[in-house]
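Worksheet: the structure to be examined is printed underneath.
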Amino acid sequence: MRRHLMVFLGAVGLVLAIVGCGTEDQLEGAQVEWITIPEGEFLMGCGDETLWCGGFNELYGGLPPHEVHISSFMMTKTEITQYQFWEVTGAQPSSHPRCGDCPVENMEHHYHDAKAFCEAIGGRLPTEAEWEYAAKANTTTVFPCGDDLACLEEIAWHAVDFDTIGAMRHPQPVAQKQPNAFGLYDMIGNLQEWTQDCSHDDFTGAPTDGSAWMEEDGGNCTRHVFKGSTYNSTFDETPETLWMAQASGRYWDAVDTRGLADGFRCARDL
């Protein structure tokens, strides 16, 4: 049975009511949880602590590094899961096995569905600056977990090397690895995540206040920026494979491209 979403706006804010549920398509899982991210400043982009500022970081505009001030905001504790997406929309788009607490991917309208979901729960997609700041969580190390490549095992689902890609064929349930200092899970690994920002050739003229960098500033909004690596990313000793394991790593894709390793989490203003 098809599910329908009703949204009510009232004194208590956004209330979601789901009607017409069919038991044959129900999922189980945890509700959305929000984490408050404190105000602060950080160096955004490919900076001194970054292992490799060439290749993809150059191709996808990770230079020059620049200081950004971030106002306090909220972010979902985890990537949005299949259960959370189904509970709000009634849709189960994921190509990977049904798993309520696994992050949702392969949305039909992809970026647009991610944006609409966040708005339906009273939020929005994070800006790229907010995402990178939240992932770094006041660290200045190569990776959000430290300088040693081995620390990624504690925080990220990923393929160890090309020989193990076949063993990591799908995303894993969220919040199984260690959180970062802000209490956020899977900022690196599992799925790469959509942000609000449109693609730009580099960071020349990028905002320094944490706001989204959009088309009116010379961007291409047929493509939006992804952050974070994926379950099938390979992290080995070569810097070229580690660009997305660093919080400064970035990538972009067309907004209507369905992806088996593409997900999202939400943010909202305080």
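In the structure tokens, chains take the letters A, B, ... in the order shown, each chain's residues start at 1, and ligands count up from 1 in the order shown.
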Skipping near chain neighbours, those fewer than 3 positions away, what residues fall within 10 Å of Glu67 in chain A using only C-alpha atoms, listed as an NGL selection string? :A and (41-45 or 70 or 207-210)
Would you save the residues from that selection as a short mmCIF file (atom, residue, chain, number, x, y, z; two decimals), in the first residue's frame, using N, CA and C atoms?
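Saved file part_21.cif follows:
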data_model
loop_
_atom_site.label_atom_id
_atom_site.label_comp_id
_atom_site.auth_asym_id
_atom_site.auth_seq_id
_atom_site.Cartn_x
_atom_site.Cartn_y
_atom_site.Cartn_z
N GLU A 41 36.12 28.53 13.80
CA GLU A 41 36.83 28.87 12.57
C GLU A 41 37.75 27.72 12.19
N PHE A 42 38.00 27.57 10.90
CA PHE A 42 38.90 26.49 10.45
C PHE A 42 39.45 26.85 9.09
N LEU A 43 40.50 26.13 8.70
CA LEU A 43 41.10 26.30 7.38
C LEU A 43 40.43 25.31 6.43
N MET A 44 39.69 25.83 5.47
CA MET A 44 38.96 25.00 4.51
C MET A 44 39.80 24.79 3.26
N GLY A 45 39.72 23.59 2.72
CA GLY A 45 40.43 23.29 1.49
C GLY A 45 41.70 22.50 1.73
N ILE A 70 32.33 29.60 11.01
CA ILE A 70 31.08 28.83 11.00
C ILE A 70 30.25 29.20 12.23
N PRO A 207 33.06 31.94 -0.29
CA PRO A 207 32.60 32.62 0.92
C PRO A 207 33.43 32.22 2.14
N THR A 208 33.54 33.12 3.08
CA THR A 208 34.29 32.85 4.31
C THR A 208 33.38 32.81 5.53
N ASP A 209 32.06 32.81 5.31
CA ASP A 209 31.11 32.82 6.42
C ASP A 209 30.34 31.52 6.57
N GLY A 210 30.77 30.47 5.85
CA GLY A 210 30.10 29.17 5.96
C GLY A 210 28.87 29.02 5.09
#
Met187 in chain A surroundings by only C-alpha atoms, 7 Å radius, close-in-sequence under 2 positions cut, as a PyMOL selection string: chain A and resi 135+184-185+189+228
Keeping N, CA, C and O atoms for every residue in the selection just given, could you write it to a file as a PDB file, in the first residue's frame?
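Just written: part-v2.pdb:
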ATOM      1  N   ALA A 135      33.185  17.638   9.908  1.00  0.00           N
ATOM      2  CA  ALA A 135      34.001  16.428   9.757  1.00  0.00           C
ATOM      3  C   ALA A 135      35.341  16.580  10.463  1.00  0.00           C
ATOM      4  O   ALA A 135      35.837  15.642  11.095  1.00  0.00           O
ATOM      5  N   LEU A 184      29.457  12.899  15.559  1.00  0.00           N
ATOM      6  CA  LEU A 184      28.919  12.536  14.248  1.00  0.00           C
ATOM      7  C   LEU A 184      29.546  11.234  13.755  1.00  0.00           C
ATOM      8  O   LEU A 184      30.753  11.022  13.897  1.00  0.00           O
ATOM      9  N   TYR A 185      28.730  10.378  13.167  1.00  0.00           N
ATOM     10  CA  TYR A 185      29.192   9.080  12.672  1.00  0.00           C
ATOM     11  C   TYR A 185      29.313   9.087  11.148  1.00  0.00           C
ATOM     12  O   TYR A 185      28.542   9.753  10.453  1.00  0.00           O
ATOM     13  N   GLY A 189      33.726   7.593   4.839  1.00  0.00           N
ATOM     14  CA  GLY A 189      33.322   6.221   4.564  1.00  0.00           C
ATOM     15  C   GLY A 189      31.813   6.036   4.543  1.00  0.00           C
ATOM     16  O   GLY A 189      31.044   6.946   4.810  1.00  0.00           O
ATOM     17  N   GLY A 228      33.219  13.393   1.690  1.00  0.00           N
ATOM     18  CA  GLY A 228      33.334  12.089   2.345  1.00  0.00           C
ATOM     19  C   GLY A 228      33.566  10.979   1.341  1.00  0.00           C
ATOM     20  O   GLY A 228      33.180  11.067   0.178  1.00  0.00           O
TER      21      GLY A 228
END
List as a ChimeraX atom specification the protein and nucleic acid residues near range 110-127 of chain A, meaning an atom at most 9 Å away when only C-alpha atoms are counted, but skip any in the same chain fewer than 2 places from it. /A:7,13-16,74-75,85,88-89,105-108,129-132,194-197,210-213,224,254-259,262-269
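Neighbouring residues of Leu63 in chain A at 6 Å or closer, counting only C-alpha atoms and skipping chain neighbours under 3 positions away, are A:Gly45, A:Cys46, A:Asp202, A:Phe203.
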Residues within 9 Å of Ile37 in chain A, only C-alpha atoms, excluding chain neighbours under 6 positions, as a compact mmCIF listing (two decimals) with all heavy atoms, in the first residue's frame:
# COMPACT_ATOMS: atom_id res chain seq x y z
N SER A 71 29.02 29.63 12.01
CA SER A 71 28.09 29.84 13.12
C SER A 71 27.56 28.49 13.59
O SER A 71 27.50 27.53 12.81
CB SER A 71 26.92 30.73 12.68
OG SER A 71 27.39 32.00 12.28
N SER A 72 27.16 28.42 14.84
CA SER A 72 26.62 27.17 15.38
C SER A 72 25.39 26.73 14.59
O SER A 72 24.55 27.56 14.20
CB SER A 72 26.28 27.35 16.86
OG SER A 72 25.84 26.12 17.42
N PHE A 73 25.30 25.45 14.33
CA PHE A 73 24.15 24.88 13.61
C PHE A 73 23.94 23.46 14.08
O PHE A 73 24.65 22.98 14.97
CB PHE A 73 24.40 24.94 12.09
CG PHE A 73 25.49 24.02 11.59
CD1 PHE A 73 25.19 22.82 10.98
CD2 PHE A 73 26.84 24.36 11.73
CE1 PHE A 73 26.20 21.96 10.52
CE2 PHE A 73 27.85 23.52 11.27
CZ PHE A 73 27.53 22.33 10.67
N MET A 74 22.98 22.77 13.51
CA MET A 74 22.73 21.38 13.87
C MET A 74 22.91 20.48 12.64
O MET A 74 22.68 20.92 11.51
CB MET A 74 21.33 21.20 14.46
CG MET A 74 21.07 22.05 15.68
SD MET A 74 19.52 21.65 16.52
CE MET A 74 20.04 20.22 17.49
N MET A 75 23.33 19.25 12.89
CA MET A 75 23.51 18.28 11.82
C MET A 75 23.02 16.92 12.30
O MET A 75 23.10 16.61 13.49
CB MET A 75 24.99 18.20 11.43
CG MET A 75 25.32 17.23 10.32
SD MET A 75 27.06 17.33 9.78
CE MET A 75 26.93 18.63 8.54
N ALA A 134 32.40 20.29 10.28
CA ALA A 134 31.85 19.25 11.15
C ALA A 134 32.67 17.97 11.08
O ALA A 134 32.85 17.28 12.09
CB ALA A 134 30.40 18.97 10.77
N ALA A 137 35.98 18.59 13.03
CA ALA A 137 35.70 18.63 14.47
C ALA A 137 36.88 19.18 15.27
O ALA A 137 37.32 18.58 16.24
CB ALA A 137 35.28 17.24 14.98
N PHE A 182 32.63 15.73 17.58
CA PHE A 182 31.33 16.39 17.66
C PHE A 182 30.18 15.39 17.83
O PHE A 182 29.03 15.77 17.93
CB PHE A 182 31.08 17.22 16.39
CG PHE A 182 31.89 18.49 16.31
CD1 PHE A 182 32.04 19.13 15.09
CD2 PHE A 182 32.47 19.06 17.44
CE1 PHE A 182 32.77 20.31 14.99
CE2 PHE A 182 33.21 20.24 17.35
CZ PHE A 182 33.36 20.86 16.12
Can you check which residues of range 200-249 of chain A DSSP gives as strand (DSSP E) on the backbone and send them as a list in words?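 Matching residues for strand (DSSP E) in range 200-249 of chain A are Asn220, Cys221, Thr222, Arg223, His224, Val225, Phe226 and Lys227 of chain A.
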Go ahead and save the residues from that selection, with all heavy atoms, as a PDB file, in the first residue's frame.
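New file selection33.pdb:
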ATOM      1  N   ASN A 220      28.409  26.194 -11.252  1.00  0.00           N
ATOM      2  CA  ASN A 220      27.592  25.396 -12.156  1.00  0.00           C
ATOM      3  C   ASN A 220      26.640  24.557 -11.309  1.00  0.00           C
ATOM      4  O   ASN A 220      27.049  23.552 -10.727  1.00  0.00           O
ATOM      5  CB  ASN A 220      28.495  24.510 -13.016  1.00  0.00           C
ATOM      6  CG  ASN A 220      27.710  23.609 -13.961  1.00  0.00           C
ATOM      7  OD1 ASN A 220      26.483  23.592 -13.942  1.00  0.00           O
ATOM      8  ND2 ASN A 220      28.422  22.859 -14.784  1.00  0.00           N
ATOM      9  N   CYS A 221      25.375  24.972 -11.233  1.00  0.00           N
ATOM     10  CA  CYS A 221      24.438  24.297 -10.342  1.00  0.00           C
ATOM     11  C   CYS A 221      23.726  23.124 -10.997  1.00  0.00           C
ATOM     12  O   CYS A 221      22.774  22.587 -10.430  1.00  0.00           O
ATOM     13  CB  CYS A 221      23.442  25.295  -9.763  1.00  0.00           C
ATOM     14  SG  CYS A 221      24.179  26.326  -8.468  1.00  0.00           S
ATOM     15  N   THR A 222      24.180  22.708 -12.178  1.00  0.00           N
ATOM     16  CA  THR A 222      23.751  21.396 -12.672  1.00  0.00           C
ATOM     17  C   THR A 222      24.562  20.304 -11.982  1.00  0.00           C
ATOM     18  O   THR A 222      24.250  19.127 -12.116  1.00  0.00           O
ATOM     19  CB  THR A 222      23.925  21.271 -14.194  1.00  0.00           C
ATOM     20  OG1 THR A 222      25.327  21.294 -14.527  1.00  0.00           O
ATOM     21  CG2 THR A 222      23.202  22.395 -14.906  1.00  0.00           C
ATOM     22  N   ARG A 223      25.610  20.724 -11.231  1.00  0.00           N
ATOM     23  CA  ARG A 223      26.451  19.805 -10.462  1.00  0.00           C
ATOM     24  C   ARG A 223      26.592  20.351  -9.048  1.00  0.00           C
ATOM     25  O   ARG A 223      26.725  21.555  -8.848  1.00  0.00           O
ATOM     26  CB  ARG A 223      27.850  19.680 -11.083  1.00  0.00           C
ATOM     27  CG  ARG A 223      27.831  19.337 -12.558  1.00  0.00           C
ATOM     28  CD  ARG A 223      29.227  19.264 -13.142  1.00  0.00           C
ATOM     29  NE  ARG A 223      30.015  20.472 -12.927  1.00  0.00           N
ATOM     30  CZ  ARG A 223      31.142  20.742 -13.579  1.00  0.00           C
ATOM     31  NH1 ARG A 223      31.606  19.894 -14.478  1.00  0.00           N
ATOM     32  NH2 ARG A 223      31.812  21.845 -13.326  1.00  0.00           N
ATOM     33  N   HIS A 224      26.544  19.458  -8.066  1.00  0.00           N
ATOM     34  CA  HIS A 224      26.739  19.866  -6.677  1.00  0.00           C
ATOM     35  C   HIS A 224      27.852  19.041  -6.044  1.00  0.00           C
ATOM     36  O   HIS A 224      28.195  17.952  -6.520  1.00  0.00           O
ATOM     37  CB  HIS A 224      25.435  19.728  -5.880  1.00  0.00           C
ATOM     38  CG  HIS A 224      24.499  20.866  -6.102  1.00  0.00           C
ATOM     39  ND1 HIS A 224      24.231  21.823  -5.142  1.00  0.00           N
ATOM     40  CD2 HIS A 224      23.759  21.222  -7.187  1.00  0.00           C
ATOM     41  CE1 HIS A 224      23.373  22.702  -5.616  1.00  0.00           C
ATOM     42  NE2 HIS A 224      23.068  22.354  -6.857  1.00  0.00           N
ATOM     43  N   VAL A 225      28.393  19.574  -4.954  1.00  0.00           N
ATOM     44  CA  VAL A 225      29.584  19.010  -4.340  1.00  0.00           C
ATOM     45  C   VAL A 225      29.237  17.847  -3.417  1.00  0.00           C
ATOM     46  O   VAL A 225      28.289  17.925  -2.623  1.00  0.00           O
ATOM     47  CB  VAL A 225      30.348  20.090  -3.551  1.00  0.00           C
ATOM     48  CG1 VAL A 225      31.514  19.491  -2.771  1.00  0.00           C
ATOM     49  CG2 VAL A 225      30.842  21.189  -4.502  1.00  0.00           C
ATOM     50  N   PHE A 226      30.010  16.769  -3.517  1.00  0.00           N
ATOM     51  CA  PHE A 226      29.978  15.647  -2.584  1.00  0.00           C
ATOM     52  C   PHE A 226      31.145  15.775  -1.605  1.00  0.00           C
ATOM     53  O   PHE A 226      32.223  16.257  -1.972  1.00  0.00           O
ATOM     54  CB  PHE A 226      30.178  14.319  -3.317  1.00  0.00           C
ATOM     55  CG  PHE A 226      28.964  13.751  -3.971  1.00  0.00           C
ATOM     56  CD1 PHE A 226      28.941  13.542  -5.342  1.00  0.00           C
ATOM     57  CD2 PHE A 226      27.857  13.395  -3.226  1.00  0.00           C
ATOM     58  CE1 PHE A 226      27.832  12.985  -5.958  1.00  0.00           C
ATOM     59  CE2 PHE A 226      26.744  12.840  -3.825  1.00  0.00           C
ATOM     60  CZ  PHE A 226      26.727  12.641  -5.194  1.00  0.00           C
ATOM     61  N   LYS A 227      30.954  15.294  -0.387  1.00  0.00           N
ATOM     62  CA  LYS A 227      32.035  15.211   0.597  1.00  0.00           C
ATOM     63  C   LYS A 227      32.031  13.812   1.222  1.00  0.00           C
ATOM     64  O   LYS A 227      30.993  13.170   1.340  1.00  0.00           O
ATOM     65  CB  LYS A 227      31.856  16.265   1.692  1.00  0.00           C
ATOM     66  CG  LYS A 227      31.861  17.704   1.184  1.00  0.00           C
ATOM     67  CD  LYS A 227      33.245  18.151   0.757  1.00  0.00           C
ATOM     68  CE  LYS A 227      34.084  18.514   1.952  1.00  0.00           C
ATOM     69  NZ  LYS A 227      35.407  19.084   1.564  1.00  0.00           N
TER      70      LYS A 227
END
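With distances restricted to only C-alpha atoms, A:Arg98 is the closest residue to Gly29 in chain A from A:Arg250, A:His200, A:His109, A:Arg98.
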Could you check which of A:Gln26, A:Thr230, A:Ser95, A:Gln246 is closest to Thr141 in chain A, using only C-alpha atoms?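 Checking each candidate against Thr141 in chain A, we get A:Gln246 as the closest.
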Please return, as a list in words, all residues of range 158-238 of chain A that DSSP assigns to helix (DSSP H, G or I) on the basis of the backbone.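 Helix (DSSP H, G or I) assignments inside range 158-238 of chain A correspond to Phe162, Asp163, Thr164, Ile165, Gly166, Ala167, Glu215, Glu216 and Asp217 of chain A.
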Residue among A:Ala175, A:Ala30, A:Cys198, A:Leu270 lying closest to Asp253 in chain A, counting only C-alpha atoms: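 Between A:Ala175, A:Ala30, A:Cys198, A:Leu270, the residue approaching Asp253 in chain A most closely is A:Cys198.
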